[in-house]
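final-v2.cif follows (mmCIF, C-alpha atoms):
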data_run
#
loop_
_atom_site.label_atom_id
_atom_site.label_comp_id
_atom_site.auth_asym_id
_atom_site.auth_seq_id
_atom_site.Cartn_x
_atom_site.Cartn_y
_atom_site.Cartn_z
CA MET A 532 -117.49 163.98 -100.45
CA THR A 533 -119.62 166.41 -102.43
CA ALA A 534 -123.20 165.27 -102.99
CA ILE A 535 -125.27 166.41 -105.96
CA VAL A 536 -128.98 166.14 -105.17
CA ASP A 537 -130.71 163.98 -107.76
CA TYR A 538 -134.41 164.85 -107.73
CA GLY A 539 -135.23 164.24 -111.38
CA VAL A 540 -134.65 167.79 -112.57
CA GLY A 541 -132.20 168.44 -115.36
CA ASN A 542 -129.06 166.92 -116.56
CA LEU A 543 -126.37 166.19 -114.00
CA PHE A 544 -123.79 164.81 -116.39
CA SER A 545 -121.82 168.04 -116.91
CA LEU A 546 -121.97 169.02 -113.26
CA SER A 547 -120.71 165.70 -111.97
CA SER A 548 -118.09 165.52 -114.75
CA SER A 549 -116.79 169.00 -113.98
CA LEU A 550 -116.33 168.17 -110.30
CA ARG A 551 -114.63 164.90 -111.19
CA ALA A 552 -112.36 166.74 -113.60
CA LEU A 553 -111.30 168.86 -110.61
CA GLY A 554 -110.53 165.71 -108.63
CA VAL A 555 -113.44 166.32 -106.26
CA GLU A 556 -115.01 163.15 -104.89
CA THR A 557 -118.61 163.39 -106.07
CA GLU A 558 -121.82 161.42 -105.64
CA VAL A 559 -125.11 161.97 -107.41
CA THR A 560 -127.70 160.83 -104.90
CA ARG A 561 -131.22 161.07 -103.55
CA ASP A 562 -130.36 159.09 -100.43
CA ALA A 563 -130.87 161.02 -97.19
CA GLY A 564 -128.02 159.14 -95.50
CA ARG A 565 -125.54 160.07 -98.25
CA LEU A 566 -126.61 163.71 -98.06
CA ARG A 567 -126.08 163.67 -94.30
CA ALA A 568 -122.66 162.09 -94.79
CA ALA A 569 -121.60 164.63 -97.44
CA ASP A 570 -119.14 167.42 -96.66
CA ARG A 571 -121.06 169.74 -98.96
CA ILE A 572 -124.15 169.60 -101.10
CA ILE A 573 -125.03 170.95 -104.54
CA LEU A 574 -128.66 171.50 -105.50
CA PRO A 575 -128.87 171.68 -109.30
CA GLY A 576 -131.97 172.33 -111.37
CA VAL A 577 -133.35 173.15 -114.79
CA GLY A 578 -137.00 173.73 -115.63
CA ALA A 579 -139.85 175.55 -113.92
CA PHE A 580 -139.92 176.60 -110.26
CA GLY A 581 -143.23 175.01 -109.20
CA ASP A 582 -142.56 171.75 -110.95
CA ALA A 583 -139.05 171.44 -109.50
CA MET A 584 -140.23 172.30 -106.00
CA ALA A 585 -142.96 169.63 -106.27
CA LYS A 586 -140.35 167.07 -107.30
CA LEU A 587 -138.07 168.06 -104.46
CA ILE A 588 -140.95 167.75 -101.98
CA SER A 589 -141.80 164.30 -103.33
CA THR A 590 -138.26 163.05 -102.60
CA GLY A 591 -138.79 163.82 -98.91
CA LEU A 592 -135.32 165.39 -98.83
CA ILE A 593 -136.30 168.92 -97.87
CA PRO A 594 -135.89 168.41 -94.10
CA VAL A 595 -132.45 166.90 -94.80
CA LEU A 596 -131.45 169.91 -96.91
CA LEU A 597 -132.70 172.43 -94.34
CA GLU A 598 -130.78 170.61 -91.62
CA ALA A 599 -127.66 170.39 -93.80
CA ALA A 600 -127.79 174.11 -94.55
CA GLU A 601 -127.27 174.75 -90.83
CA GLU A 602 -123.98 172.91 -90.73
CA LYS A 603 -122.29 172.60 -94.13
CA PRO A 604 -121.91 174.42 -97.43
CA LEU A 605 -124.86 174.14 -99.78
CA LEU A 606 -124.72 175.49 -103.33
CA GLY A 607 -127.79 175.97 -105.51
CA ILE A 608 -127.18 176.28 -109.25
CA CYS A 609 -129.55 177.99 -111.70
CA LEU A 610 -133.06 176.82 -110.79
CA GLY A 611 -131.43 175.18 -107.75
CA MET A 612 -130.42 178.68 -106.61
CA GLN A 613 -133.90 180.03 -107.26
CA LEU A 614 -135.42 177.33 -105.03
CA LEU A 615 -133.32 178.62 -102.12
CA PHE A 616 -135.48 181.75 -101.95
CA GLU A 617 -138.77 182.28 -100.12
CA LYS A 618 -140.98 182.23 -103.16
CA GLY A 619 -141.10 182.10 -106.93
CA PHE A 620 -143.57 183.54 -109.43
CA GLU A 621 -143.16 181.21 -112.39
CA TYR A 622 -146.62 180.01 -113.53
CA GLY A 623 -148.28 181.14 -110.28
CA GLU A 624 -146.85 181.74 -106.82
CA HIS A 625 -144.88 178.91 -105.23
CA ALA A 626 -143.09 178.60 -101.90
CA GLY A 627 -139.35 177.96 -102.08
CA LEU A 628 -137.00 176.56 -99.43
CA GLY A 629 -136.75 179.91 -97.67
CA LEU A 630 -133.00 179.57 -97.04
CA VAL A 631 -132.23 182.97 -98.57
CA PRO A 632 -134.52 186.00 -98.15
CA GLY A 633 -135.95 187.27 -101.43
CA GLU A 634 -138.08 186.12 -104.31
CA VAL A 635 -137.80 184.96 -107.90
CA SER A 636 -139.74 186.73 -110.64
CA ALA A 637 -139.88 187.22 -114.39
CA LEU A 638 -136.96 189.05 -115.98
CA ARG A 639 -139.22 190.24 -118.83
CA ASN A 640 -141.40 192.29 -116.45
CA ASP A 641 -138.42 194.34 -115.30
CA LEU A 642 -136.65 194.84 -118.63
CA LYS A 643 -137.38 198.26 -120.10
CA ASP A 644 -135.99 197.41 -123.52
CA ALA A 645 -138.49 195.03 -125.17
CA SER A 646 -135.95 194.09 -127.84
CA LEU A 647 -133.75 192.35 -125.23
CA LYS A 648 -134.17 188.64 -125.61
CA VAL A 649 -135.48 186.36 -122.87
CA PRO A 650 -134.21 183.84 -121.80
CA HIS A 651 -131.10 185.74 -120.80
CA MET A 652 -128.90 183.18 -122.50
CA GLY A 653 -125.19 183.39 -123.05
CA TRP A 654 -122.00 184.73 -121.54
CA ASN A 655 -122.24 187.76 -119.30
CA ARG A 656 -119.70 189.56 -117.15
CA LEU A 657 -119.97 188.87 -113.43
CA GLU A 658 -119.26 191.85 -111.24
CA VAL A 659 -118.29 191.12 -107.64
CA VAL A 660 -120.22 193.32 -105.21
CA LYS A 661 -119.09 191.60 -102.02
CA ASP A 662 -115.92 189.57 -101.67
CA ASP A 663 -116.24 185.97 -100.58
CA PRO A 664 -114.15 182.79 -100.33
CA LEU A 665 -116.14 181.52 -103.34
CA PHE A 666 -114.26 184.12 -105.43
CA ARG A 667 -110.84 182.94 -104.26
CA HIS A 668 -109.80 181.92 -107.77
CA PHE A 669 -112.07 184.33 -109.65
CA GLN A 670 -111.19 187.69 -111.15
CA ASP A 671 -113.78 190.43 -111.04
CA GLY A 672 -115.46 190.85 -114.43
CA GLU A 673 -114.92 187.38 -115.85
CA TYR A 674 -117.69 185.99 -118.02
CA VAL A 675 -120.05 183.26 -116.87
CA TYR A 676 -122.75 181.34 -118.72
CA TYR A 677 -126.42 182.05 -118.02
CA VAL A 678 -129.65 180.45 -119.26
CA HIS A 679 -132.75 181.69 -117.43
CA SER A 680 -135.97 183.68 -117.75
CA PHE A 681 -136.60 184.35 -114.05
CA TYR A 682 -134.26 185.99 -111.56
CA ALA A 683 -133.88 186.59 -107.83
CA LYS A 684 -134.69 190.03 -106.45
CA ASN A 685 -135.14 191.85 -103.16
CA CYS A 686 -132.01 190.09 -101.96
CA THR A 687 -129.40 192.87 -102.22
CA GLU A 688 -128.06 192.27 -98.72
CA ASN A 689 -127.07 188.70 -99.59
CA THR A 690 -125.91 189.35 -103.15
CA LEU A 691 -122.23 188.69 -103.86
CA GLY A 692 -122.18 189.17 -107.63
CA VAL A 693 -124.35 190.65 -110.38
CA SER A 694 -124.49 190.77 -114.19
CA GLU A 695 -126.03 193.61 -116.14
CA TYR A 696 -128.72 192.87 -118.67
CA GLY A 697 -130.24 196.05 -120.05
CA ASN A 698 -131.45 198.06 -117.07
CA VAL A 699 -131.61 194.99 -114.81
CA ARG A 700 -128.85 193.98 -112.44
CA VAL A 701 -129.31 190.25 -112.54
CA THR A 702 -128.51 188.49 -109.27
CA GLY A 703 -125.61 186.21 -110.23
CA VAL A 704 -124.33 184.95 -106.86
CA VAL A 705 -125.93 184.99 -103.41
CA ARG A 706 -124.87 183.84 -100.00
CA HIS A 707 -126.71 183.56 -96.72
CA GLY A 708 -124.71 181.77 -94.02
CA ASN A 709 -123.71 178.33 -95.32
CA VAL A 710 -125.90 178.67 -98.36
CA TRP A 711 -124.55 179.87 -101.72
CA GLY A 712 -126.31 180.15 -105.04
CA THR A 713 -125.27 180.91 -108.60
CA GLN A 714 -127.83 181.83 -111.23
CA PHE A 715 -125.34 180.98 -113.98
CA HIS A 716 -123.96 177.51 -114.66
CA PRO A 717 -120.41 177.16 -113.33
CA GLU A 718 -120.25 173.71 -114.95
CA LYS A 719 -120.76 175.41 -118.34
CA SER A 720 -118.65 178.51 -117.72
CA GLY A 721 -115.38 177.07 -118.95
CA ASP A 722 -112.24 177.54 -116.89
CA THR A 723 -113.86 180.38 -114.91
CA GLY A 724 -116.65 178.07 -113.77
CA LEU A 725 -114.22 175.34 -112.81
CA ARG A 726 -112.33 177.78 -110.61
CA LEU A 727 -115.56 178.76 -108.84
CA LEU A 728 -116.39 175.09 -108.26
CA ARG A 729 -112.86 174.48 -107.01
CA ALA A 730 -113.33 177.26 -104.44
CA PHE A 731 -116.68 175.81 -103.38
CA ALA A 732 -115.15 172.35 -103.00
CA ALA A 733 -112.59 173.83 -100.60
CA LEU A 734 -115.18 175.51 -98.37
CA MET B 645 -124.57 192.73 -121.60
CA LEU B 646 -124.31 189.38 -123.29
CA ALA B 647 -121.14 188.75 -125.23
CA LYS B 648 -121.36 187.89 -128.92
CA ARG B 649 -120.62 184.20 -129.35
CA ILE B 650 -118.09 182.52 -131.62
CA ILE B 651 -119.08 178.95 -132.36
CA PRO B 652 -117.05 176.33 -134.21
CA CYS B 653 -119.19 173.64 -135.77
CA LEU B 654 -118.00 170.05 -135.93
CA ASP B 655 -119.67 167.72 -138.40
CA VAL B 656 -119.05 164.19 -137.19
CA ARG B 657 -119.28 161.06 -139.27
CA ASN B 658 -118.06 157.66 -138.11
CA GLY B 659 -116.29 159.25 -135.19
CA ARG B 660 -114.36 161.84 -137.20
CA VAL B 661 -114.86 165.51 -137.96
CA VAL B 662 -115.58 166.25 -141.59
CA LYS B 663 -116.41 169.47 -143.38
CA GLY B 664 -117.65 169.97 -146.89
CA THR B 665 -117.95 172.93 -149.19
CA ASN B 666 -121.52 173.62 -150.28
CA PHE B 667 -122.37 170.35 -148.53
CA GLU B 668 -120.50 168.23 -151.03
CA GLY B 669 -117.09 166.56 -151.13
CA LEU B 670 -116.57 165.91 -147.42
CA ARG B 671 -113.01 165.91 -146.17
CA ASP B 672 -111.80 164.22 -142.99
CA MET B 673 -110.36 166.67 -140.49
CA ALA B 674 -109.64 165.43 -136.99
CA ASP B 675 -110.59 163.71 -133.78
CA PRO B 676 -113.68 165.39 -132.26
CA VAL B 677 -112.58 165.15 -128.64
CA GLU B 678 -109.15 166.66 -129.31
CA MET B 679 -110.71 169.32 -131.45
CA ALA B 680 -113.24 170.24 -128.75
CA ARG B 681 -110.45 170.66 -126.22
CA PHE B 682 -108.45 172.75 -128.63
CA TYR B 683 -111.43 175.05 -129.27
CA ASN B 684 -112.24 175.34 -125.58
CA GLU B 685 -108.66 176.45 -124.94
CA SER B 686 -108.71 178.94 -127.80
CA GLY B 687 -111.80 180.62 -126.37
CA ALA B 688 -114.77 179.19 -128.30
CA ASP B 689 -117.99 180.22 -126.56
CA GLU B 690 -119.92 177.14 -127.49
CA LEU B 691 -119.52 174.05 -129.66
CA VAL B 692 -121.94 172.59 -132.14
CA PHE B 693 -121.77 168.92 -133.04
CA TYR B 694 -123.68 167.64 -136.03
CA ASP B 695 -124.09 163.93 -136.37
CA ILE B 696 -124.04 163.26 -140.09
CA THR B 697 -123.89 159.50 -139.70
CA ALA B 698 -126.55 157.46 -141.40
CA SER B 699 -126.08 154.12 -139.63
CA ALA B 700 -127.17 152.96 -136.19
CA GLU B 701 -123.57 152.03 -135.25
CA GLY B 702 -122.44 155.49 -136.22
CA ARG B 703 -125.10 156.93 -133.94
CA GLY B 704 -123.80 154.94 -131.00
CA LEU B 705 -120.28 156.10 -131.78
CA PHE B 706 -121.52 159.69 -131.87
CA THR B 707 -123.14 159.57 -128.43
CA ASP B 708 -119.98 157.99 -127.10
CA ILE B 709 -117.93 160.87 -128.51
CA LEU B 710 -120.40 163.38 -127.11
CA ARG B 711 -120.08 161.84 -123.66
CA ARG B 712 -116.29 162.01 -123.89
CA VAL B 713 -116.38 165.64 -124.99
CA ALA B 714 -118.85 166.62 -122.26
CA SER B 715 -116.69 165.05 -119.57
CA LYS B 716 -113.67 167.14 -120.62
CA VAL B 717 -115.03 170.40 -122.02
CA PHE B 718 -117.23 172.59 -119.85
CA ILE B 719 -118.82 175.06 -122.21
CA PRO B 720 -122.28 174.85 -123.80
CA LEU B 721 -122.69 172.04 -126.32
CA THR B 722 -125.33 171.99 -129.01
CA VAL B 723 -126.06 168.78 -130.80
CA GLY B 724 -127.89 168.21 -134.07
CA GLY B 725 -128.27 165.73 -136.87
CA GLY B 726 -130.84 162.97 -137.01
CA ILE B 727 -133.02 164.46 -134.27
CA ARG B 728 -136.59 163.33 -135.00
CA THR B 729 -138.22 162.33 -131.72
CA LEU B 730 -138.24 163.18 -128.03
CA ASP B 731 -136.20 160.02 -127.51
CA ASP B 732 -133.48 161.56 -129.68
CA PHE B 733 -133.52 164.66 -127.50
CA ASP B 734 -133.29 162.50 -124.43
CA ARG B 735 -130.43 160.44 -125.83
CA VAL B 736 -128.15 163.42 -126.50
CA LEU B 737 -129.15 165.45 -123.44
CA LYS B 738 -128.15 162.53 -121.24
CA CYS B 739 -124.71 162.54 -122.85
CA GLY B 740 -124.07 166.14 -121.88
CA ALA B 741 -125.69 168.23 -124.62
CA ASP B 742 -127.23 171.51 -123.46
CA LYS B 743 -129.16 172.38 -126.57
CA VAL B 744 -130.52 170.21 -129.32
CA SER B 745 -130.99 171.42 -132.84
CA VAL B 746 -133.70 170.13 -135.14
CA ASN B 747 -133.73 170.60 -138.88
CA SER B 748 -135.16 167.95 -141.22
CA GLY B 749 -136.81 166.26 -138.24
CA ALA B 750 -138.92 169.37 -137.62
CA ILE B 751 -139.81 169.61 -141.30
CA ALA B 752 -141.03 166.01 -141.22
CA ASP B 753 -142.93 166.58 -137.97
CA PRO B 754 -143.23 170.23 -136.84
CA SER B 755 -144.89 169.18 -133.56
CA ILE B 756 -141.48 168.00 -132.28
CA ILE B 757 -140.55 171.65 -131.60
CA HIS B 758 -143.42 172.29 -129.24
CA ALA B 759 -143.21 168.87 -127.60
CA ALA B 760 -139.51 169.29 -126.89
CA ALA B 761 -139.87 172.90 -125.70
CA LYS B 762 -142.58 171.82 -123.30
CA LYS B 763 -140.49 168.98 -121.93
CA TYR B 764 -137.01 170.55 -121.84
CA GLY B 765 -137.67 174.30 -122.05
CA ASP B 766 -137.42 176.74 -124.97
CA GLN B 767 -133.75 177.37 -124.29
CA CYS B 768 -133.00 173.77 -125.15
CA VAL B 769 -134.61 173.74 -128.60
CA VAL B 770 -132.66 175.17 -131.51
CA LEU B 771 -134.28 175.40 -134.92
CA SER B 772 -131.63 174.97 -137.56
CA MET B 773 -132.52 175.98 -141.10
CA ASP B 774 -130.78 175.59 -144.45
CA VAL B 775 -132.03 178.38 -146.66
CA LYS B 776 -131.49 179.31 -150.30
CA ARG B 777 -132.96 181.92 -152.58
CA VAL B 778 -135.36 180.42 -155.10
CA ASP B 779 -137.53 182.60 -157.36
CA GLY B 780 -136.96 185.66 -155.21
CA GLN B 781 -138.02 183.83 -152.05
CA PHE B 782 -136.01 182.55 -149.08
CA ARG B 783 -136.76 178.88 -149.43
CA LEU B 784 -136.34 176.23 -146.73
CA PHE B 785 -134.28 173.22 -147.75
CA ALA B 786 -134.25 169.78 -146.13
CA LYS B 787 -131.86 166.84 -145.97
CA GLY B 788 -128.63 168.75 -145.55
CA GLY B 789 -129.57 171.33 -148.17
CA ARG B 790 -130.35 168.87 -150.93
CA GLU B 791 -134.12 169.11 -151.08
CA ASP B 792 -136.29 172.16 -151.73
CA THR B 793 -139.30 171.90 -149.43
CA GLY B 794 -141.18 174.71 -151.16
CA ILE B 795 -141.69 176.29 -147.71
CA ASP B 796 -141.02 180.00 -147.14
CA ALA B 797 -138.09 179.96 -144.69
CA MET B 798 -139.07 183.15 -142.87
CA GLU B 799 -142.61 181.90 -142.25
CA TRP B 800 -141.10 178.64 -141.06
CA ALA B 801 -138.87 180.47 -138.58
CA VAL B 802 -141.76 182.50 -137.16
CA ARG B 803 -143.81 179.33 -136.80
CA GLY B 804 -140.89 177.55 -135.10
CA VAL B 805 -140.38 180.33 -132.57
CA GLY B 806 -144.14 180.39 -131.95
CA GLY B 807 -143.91 176.67 -131.22
CA GLY B 808 -141.14 177.19 -128.68
CA ALA B 809 -137.78 177.19 -130.49
CA GLY B 810 -135.46 179.25 -128.30
CA GLU B 811 -132.76 179.95 -130.88
CA ILE B 812 -132.34 179.84 -134.63
CA VAL B 813 -129.31 178.77 -136.61
CA LEU B 814 -129.67 180.26 -140.06
CA ASN B 815 -127.41 178.63 -142.58
CA SER B 816 -127.40 180.29 -145.97
CA ILE B 817 -126.75 177.73 -148.69
CA ASP B 818 -126.08 180.65 -151.02
CA THR B 819 -123.04 181.80 -149.04
CA ASP B 820 -121.98 178.51 -147.44
CA GLY B 821 -118.45 177.54 -148.39
CA VAL B 822 -118.00 180.64 -150.54
CA LYS B 823 -116.09 182.53 -147.80
CA ASN B 824 -117.31 185.90 -148.97
CA GLY B 825 -119.01 186.83 -145.74
CA PHE B 826 -122.22 185.94 -143.94
CA ASP B 827 -125.54 186.37 -145.73
CA LEU B 828 -126.42 189.65 -144.04
CA GLU B 829 -129.46 190.28 -146.20
CA MET B 830 -131.01 186.95 -145.28
CA LEU B 831 -130.04 187.35 -141.59
CA ASP B 832 -131.48 190.86 -141.41
CA THR B 833 -134.76 189.64 -142.81
CA LEU B 834 -134.92 186.99 -140.09
CA ALA B 835 -133.87 189.35 -137.28
CA ALA B 836 -136.80 191.64 -138.09
CA LEU B 837 -139.21 188.76 -137.62
CA VAL B 838 -138.12 186.88 -134.49
CA ASN B 839 -136.97 187.79 -130.99
CA VAL B 840 -134.81 184.80 -130.14
CA PRO B 841 -131.02 184.55 -130.49
CA ILE B 842 -129.85 184.16 -134.09
CA VAL B 843 -126.74 182.17 -134.92
CA ALA B 844 -125.40 183.10 -138.34
CA SER B 845 -123.90 180.33 -140.40
CA GLY B 846 -122.45 180.06 -143.87
CA GLY B 847 -119.95 182.30 -145.57
CA ALA B 848 -117.36 183.35 -142.98
CA GLY B 849 -113.99 183.59 -144.68
CA ASN B 850 -112.03 185.99 -142.50
CA MET B 851 -112.14 188.02 -139.28
CA GLU B 852 -113.67 191.07 -140.95
CA HIS B 853 -116.74 189.02 -141.84
CA PHE B 854 -117.47 188.50 -138.17
CA ALA B 855 -117.09 192.22 -137.48
CA GLU B 856 -119.60 192.94 -140.29
CA LEU B 857 -121.96 190.37 -138.81
CA PHE B 858 -121.91 191.83 -135.31
CA ALA B 859 -122.36 195.34 -136.64
CA CYS B 860 -125.89 194.19 -137.62
CA PRO B 861 -128.42 194.52 -134.83
CA GLY B 862 -129.98 191.30 -133.63
CA MET B 863 -127.03 189.01 -134.38
CA ASP B 864 -125.94 186.98 -131.37
CA ALA B 865 -123.45 184.47 -132.68
CA GLY B 866 -121.34 183.51 -135.65
CA LEU B 867 -120.82 179.89 -136.54
CA ALA B 868 -118.17 178.48 -138.86
CA ALA B 869 -116.36 175.24 -139.48
CA SER B 870 -113.61 174.97 -142.05
CA ILE B 871 -111.96 178.33 -141.42
CA PHE B 872 -111.48 177.32 -137.81
CA HIS B 873 -110.62 173.69 -138.54
CA THR B 874 -107.94 174.66 -141.04
CA LYS B 875 -106.68 177.35 -138.62
CA GLN B 876 -107.18 179.95 -141.32
CA VAL B 877 -108.82 181.96 -138.54
CA ASP B 878 -107.64 181.49 -134.96
CA ILE B 879 -110.47 182.02 -132.46
CA HIS B 880 -108.29 183.82 -129.93
CA ASP B 881 -107.04 186.26 -132.59
CA LEU B 882 -110.56 186.70 -133.91
CA LYS B 883 -111.85 187.59 -130.47
CA GLN B 884 -109.09 190.10 -129.88
CA PHE B 885 -109.80 191.65 -133.25
CA LEU B 886 -113.53 191.91 -132.51
CA ARG B 887 -112.90 193.38 -129.10
CA SER B 888 -110.64 196.01 -130.67
CA LYS B 889 -113.61 196.88 -132.90
CA GLY B 890 -115.74 197.49 -129.81
CA VAL B 891 -117.71 194.24 -129.98
CA GLU B 892 -118.63 192.75 -126.59
CA ILE B 893 -116.54 189.61 -126.48
CA ARG B 894 -115.58 187.15 -123.77
CA MET B 895 -111.82 186.71 -123.62
#

The structure given in the file should be rewritten as structure tokens.
Amino acid sequence: MTAIVDYGVGNLFSLSSSLRALGVETEVTRDAGRLRAADRIILPGVGAFGDAMAKLISTGLIPVLLEAAEEKPLLGICLGMQLLFEKGFEYGEHAGLGLVPGEVSALRNDLKDASLKVPHMGWNRLEVVKDDPLFRHFQDGEYVYYVHSFYAKNCTENTLGVSEYGNVRVTGVVRHGNVWGTQFHPEKSGDTGLRLLRAFAAL
Amino acid sequence: MLAKRIIPCLDVRNGRVVKGTNFEGLRDMADPVEMARFYNESGADELVFYDITASAEGRGLFTDILRRVASKVFIPLTVGGGIRTLDDFDRVLKCGADKVSVNSGAIADPSIIHAAAKKYGDQCVVLSMDVKRVDGQFRLFAKGGREDTGIDAMEWAVRGVGGGAGEIVLNSIDTDGVKNGFDLEMLDTLAALVNVPIVASGGAGNMEHFAELFACPGMDAGLAASIFHTKQVDIHDLKQFLRSKGVEIRM
């Protein structure tokens, strides 16, 4: 069973529907026992880093997630991926889960071309920089769907895929041990996204 | 770089897709769920659903359709029509919408833009505008293009973006349904004033019109309805054509 962590951040309808469409047994839950019983866990998220982290703390699930990350696949999506890092700089400095080395900071500060729009919103090409079982059904250079204003950096060693936006190489996919993260939304990336989720569900 | 987006727009009334010309004389087209699947398979980058139902039952039917679409089609969905309050945002977001577009609702109460942006993020709030030239001015129209508000549309757009709108759909009433190309003059004027994605709407009649659109700096997406619904333009062919013209396009 694949568990989607429900901590009151964002809309889980598309994510759970996409997994169900793939025939993956899925539960949306905030129950520690169900997360422990899951074969793999997805940490979604939309919104601001500090606010989401506060909500996650208030669920009391962080110890469960840290323990789970030791033994089974965990996938963070969008803000859920950003929370995997050590810290985030959205409206002040906030500690993240620290499961992946690196930090999350404003895309705008690193873009040289001021005419580039932020959020980085839309379909961008994902370039594979390190092969991984997550890319089993993915072809290098396919487009994926992003919506974000902050991005992960200082994490090159654990970066599996990037997308170019102006002069910035946006971290698209990371992996550190059992922990994966995608900055883009696989559940909104059409057939490409479904194939990435299918690979994750087989990990 | 981000790909230019091709967006079919589905106007839904009483559970069916309809599309008018110059907003009058609506014609029934097809089943929204089937149509959404068809567009997803032909390579649409996003879908826009406008609820043009007036009744409460129709509204329930619409959210039901939205839920059915969102459980089968996994590309971004934008929903508009009858959005007036945060509860309306909530209602459609829960059914799988990613972005919500406000039009007349924001004219009636401009504070909805900021309130929604604060709650759901700028990226979620789309300001949709129906605009027509009146006395040498780009004038904002309300109620599906039937009512002149007297408001300068460009000032309205700047104010909306200032309030937190993360994207603008600019529908030119002057070119809508005419199929002579997008209203590049109007779009250019807007692009010089705001730094959020602009979705051009109104006037697409053939593939060349999209190439002209994307040759203009600052244009992110082209939206159309009837030419796609009638299969006058096939999205897959359109995308191949645009790519051959050097436009960044997701295939």

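Here the PyMOL selection byres ((chain B) within 8 of (chain A)) catches exactly these residues: B:Met645, B:Leu646, B:Ala647, B:Arg649, B:Asn684, B:Asp689, B:Ala714, B:Ser715, B:Lys716, B:Val717, B:Phe718, B:Ile719, B:Pro720, B:Leu737, B:Lys738, B:Cys739, B:Gly740, B:Tyr764, B:Gly765, B:Gln767, B:Asn839, B:Val840, B:Pro841, B:Arg894.
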
>> Taking the file as I've supplied it (selection: the PyMOL selection byres ((chain A and resi 586) around 12)), which residues are included? Please answer as a PyMOL selection string.
In response: chain A and resi 536-541+561+576-585+587-593+614

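Going from atom CA of Ala801 of chain B to atom CA of Cys860 of chain B covers 18.9 Å.
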
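You can rank A:Cys686, A:Leu574, A:Leu638, A:Ala568 by their closest distance to Phe616 of chain A using only C-alpha atoms, and at the top of that list sits A:Cys686.
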
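Taking all atoms listed in the file into account, Val661 of chain B lies nearest to B:Thr697 out of the set B:Ser888, B:Thr697, B:Asn850, B:Ser686.
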
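Those residues that approach segment 834-838 of chain B to within 7 Å, counting only C-alpha atoms, are Met798, Val802, Met830, Leu831, Asp832, Val840 and Gly862 of chain B; same-chain residues fewer than 2 positions away are not listed.
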
> Mind pulling up the distance from atom CA of Gly808 of chain B to atom CA of Ala637 of chain A?
Replying inline: 17.5 Å

>> Applying the PyMOL selection byres ((chain A and resi 632) around 12) to the file I just gave you, which residues come out? Please list them as a ChimeraX atom specification.
In response: /A:612-619,626-631,633-635,683-690,705-708,710

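Atom CA of Ala759 of chain B is positioned 23.4 Å from atom CA of Phe620 of chain A.
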
> Of the candidates B:Thr722, B:Thr793, B:Thr729, B:Gln781, which one gets nearest to Ile751 of chain B if we count all atoms listed in the file?
Replying inline: B:Thr793

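The point (-125.8, 183.2, -136.3) has these residues within 8 Å of it, counting all atoms listed in the file: Ile812, Val813, Leu814, Asn815, Leu831, Pro841, Ile842, Val843, Ala844, Ser845, Met863, Asp864, Ala865, Gly866 and Leu867 of chain B.
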
>> For a cutoff of 12 Å around the file-coordinate point (-114.6, 172.5, -104.3), which residues qualify once you count all atoms listed in the file? I'd like the result as a PyMOL selection string.
In response: chain A and resi 532-534+547+549-557+570-573+604-606+664-668+717+724-734

>> Residues within 10 Å of Ser699 of chain B, please, as a VMD selection string. Count all atoms listed in the file; anything in the same chain fewer than 6 positions from it doesn't count.
In response: chain B and resid 657 to 658 705

> Quick one: of B:Ala786, B:Leu691, B:Met851, B:Val775, who's nearest to Ile817 of chain B, counting only C-alpha atoms?
Replying inline: B:Val775
